[in-house]
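Taking it in order: structure first as structure tokens, then the write-up.
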Amino acid sequence: MSRRVRRFWAVARRQWRRSLQFRVVGITLALSAALVLAFAYTVASLISNGVLSGKIDQSKSMVDTGAGYAMRELSGFTQADDPGLDPSLNNVVTQLYGSVNDQEAEVVMLRRGGPPAFWPRARKGTVMDDPQVRGIRTLVVGSKSGIYEQIATLDIGDGLQKYLVMGTAVPVGPVPIELYYVIPLKTEDGLVQFTGAVVTGTGIALVALLALIAAMMTRLVVTPVRVAARTAQRLSAGLLDQRMVVRGEDDLARLAAAFNQMAANLQRQIVRLEEMSRLQRRFTSDVSHELRTPLTTVRMAADLLFSSREDFDPAAARSAELLQAELDRFEGLLTDLLEISRFDAGFAALDAEPTDLVPVVRRVGDQLMPLAERCKVELRVVVPETEVIAEVDPRRVERVLRNLVGNAVEHGEGKPVVVTLAVDGSAVAVTVRDHGVGLKAGEEKLVFNRFWRADPSRARQTGGTGLGLSISLEDARLHGGWLEAWGAPGKGAQFRLTLPARSGDRLVSSPLRLVPDDARADEAALIGETP
């Protein structure tokens with residue numbers, strides 16, 4: 001049972017969070033139930049008090065009349081042990097019972113030291129021995145005048161019922177006599193119960209009706225909102241021709257018309273942007289391809305001049321060397337532009353195969369070692385002694401690592417650059433750490449923008465094109481991996497490439513931290529904590 005309750009409660013909470021109509025109906029139901037409950041309690045209390053009040057007033061008049069009659073009939077007895085007192089008590093009780101309209105009532109007279117007198121005589125004993133009426137007996141015994149009442153649930157021969165017990169003292173001789181009327185409240189109790197049932201039924205029907213009305217009215221408002229939400233989802237999924245149906249001229253109709261106008265404007269803008277993007281990608285691709293032919297001719301001429309530079313004067317020889325270097329950079333730029341255009345067009349393909357990344361990382365380190373020596377940067381490669389196998393495209397991974405290590409060497413400020421490879425059960429990671437100028441806050445995202453530079457006035461040492469990190473980010477995404485950057489002014493920077501060990505798997509963590517351990521230790525020391 002508890003499992004069903006928990007399941008129901010979970011479904012109700014989910015509906016409460018997700019459904020506006022459910023919340024409105026629930027709140028309306030709760031508030032209307034509280035109001036109806038308060039109203040029903042008030043009405044039932046007023047009716048019950050009114051009925052009982054009238055019955056008590058009528059009964060008091062009857063008790064007062066009966067007490068006067070008993071006092072007149074018993075006024076001649078001055079001694080409590082008078083032998084004629086008991087027969088007279090029975091006669092008085094008989095007469096008093098005859099004046100009671102309800103045949104199920106009982107009249108009882110008690111005196112201290114004598115047997116009780118009660119009617120009907122067919123009942124054995126007296127109801128006044130019941131513990132529930134001790135309170136009224138105490139009041140009557142302790143008072144010489146006054147009429148007292150008490151409502152009690154008693155059994156005087158017809159089962160448990162509610163009775164109104166009225167009592168008063170009849171002063172006869174030295175020992176007052178107690179006179180009690182036990183009057184059934186069957187009619188009044190039935191009326192109160194009937195009234196309660198009617199009020200309860202009416203309240204339940206009213207609450208249900210209010211909930212139904214709230215549901216219907218809320219549906220009129222929620223349905224267009226739901227339609228708008230579904231239409232917006234289809235628009236976000238690329239179905240730009242989706243529109244809402246406009247009915248009428250009310251506020252919801254104006255909302256639907258405004259939504260459709262917004263969707264039409266968005267469609268025009270998106271189509272326009274797509275066309276511009278397509279033209280831009282085509283322009284980049286066409287220019288890159290068209291430049292290949294003249295570049296080949298210029299390359300042949302430049303190679304001829306470069307190979308004969310020793311026969312030229314120093315100025316011409318230097319010009320040939322500069323021409324050769326800039327042609328190399330121009331060819332790299334064209335290659336990167338073609339690669340970017342393939343990414344933009346969505347034509348880039350991943351040729352994943354099981355690859356040992358240890359020799360890949362070492363090969364990148366060996367290729368860039370001459371550049372590190374020329375920049376007077378110590379380049380260290382830290383790889384595991386065992387194989388690190390991952391399903392990757394080795395050409396793209398090597399290109400990413402060359403870009404990362406080349407940038408680290410260029411910005412290393414002559415300080416060491418460390419390349420670290422690690423693996424766990426689901427991912428492989430490579431970090432490239434330099435100790436150069438670092439990155440300012442927010443620049444860790446900007447470094448992957450095309451042609452972005454932290455310092456535009458800084459000259460490139462490696463002849464880069466400004467597209468390396470952008471291509472590297474696309475290569476990482478093509479693998480389903482991450483390429484992230486961390487940096488702090490004066491503390492250097494660290495780039496982390498994380499790739500899934502199995503192609504197609506989803507990454508959840510990386511074997512290496514993005515923030516270097518030495519930087520974490522410095523931050524902990526600043527705030528007085530243990531790293």
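Each chain in the structure tokens gets a letter, A, B and so on, in the order shown; residues start at 1 in every chain, and ligands are counted from 1 in the order they appear.
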
Next on the checklist: Taking 3 positions as the minimum chain separation for residues in the same chain, which residues sit within 10 Å of Leu368 in chain A when counting only C-alpha atoms? Answer as a VMD selection string.
Outcome noted: chain A and resid 363 to 365 371 to 374 379 402 405 to 406 409

Item to check | DSSP strand (DSSP E or B) residues within range 268-505 of chain A, listed as a PyMOL selection string | outcome: chain A and resi 353-356+379-382+389-392+417-423+427-434+482-488+492-500

Next on the checklist: At a cut-off of 9 Å, using only C-alpha atoms, what residues contact Asp356 in chain A? Leave out same-chain residues fewer than 4 positions from it and give the result as a list in words.
Outcome noted: Val360, Glu387, Val388, Ile389, Ala390, Glu391 and Pro394 of chain A

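CA of Glu410 in chain A to CA of Phe448 in chain A spans 16.2 Å [interatomic distance, one decimal].
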
Next on the checklist: Please list as a count of residues only every residue within 6 Å of range 490-502 of chain A, counting only C-alpha atoms and excluding residues in the same chain fewer than 5 positions away.
Outcome noted: 20

Next on the checklist: Report, in Å to a single decimal, how far apart CA of Leu110 in chain A and CA of Gly159 in chain A are.
Outcome noted: 23.8 Å

For range 298-300 of chain A, list every protein, DNA or RNA residue within 9 Å, evaluated using only C-alpha atoms, and leave out those in the same chain fewer than 6 positions away; present the list as a tab-separated table (two decimals) with all heavy atoms, in the first residue's frame.
```
chain	number	residue	atom	x	y	z
A	324	GLN	N	59.54	32.64	-49.51
A	324	GLN	CA	59.34	31.21	-49.25
A	324	GLN	C	58.56	31.00	-47.95
A	324	GLN	O	57.62	30.19	-47.88
A	324	GLN	CB	60.71	30.51	-49.16
A	324	GLN	CG	60.65	29.01	-49.01
A	324	GLN	CD	60.29	28.31	-50.31
A	324	GLN	OE1	60.21	28.96	-51.35
A	324	GLN	NE2	60.07	27.01	-50.25
A	327	LEU	N	54.91	32.10	-48.36
A	327	LEU	CA	54.18	31.12	-49.17
A	327	LEU	C	53.82	29.89	-48.35
A	327	LEU	O	52.73	29.32	-48.50
A	327	LEU	CB	55.01	30.72	-50.40
A	327	LEU	CG	54.99	31.70	-51.57
A	327	LEU	CD1	55.94	31.26	-52.67
A	327	LEU	CD2	53.57	31.84	-52.12
A	328	ASP	N	54.74	29.47	-47.48
A	328	ASP	CA	54.41	28.34	-46.59
A	328	ASP	C	53.22	28.69	-45.71
A	328	ASP	O	52.29	27.87	-45.52
A	328	ASP	CB	55.62	27.99	-45.73
A	328	ASP	CG	56.75	27.38	-46.53
A	328	ASP	OD1	56.47	26.86	-47.64
A	328	ASP	OD2	57.90	27.41	-46.06
```
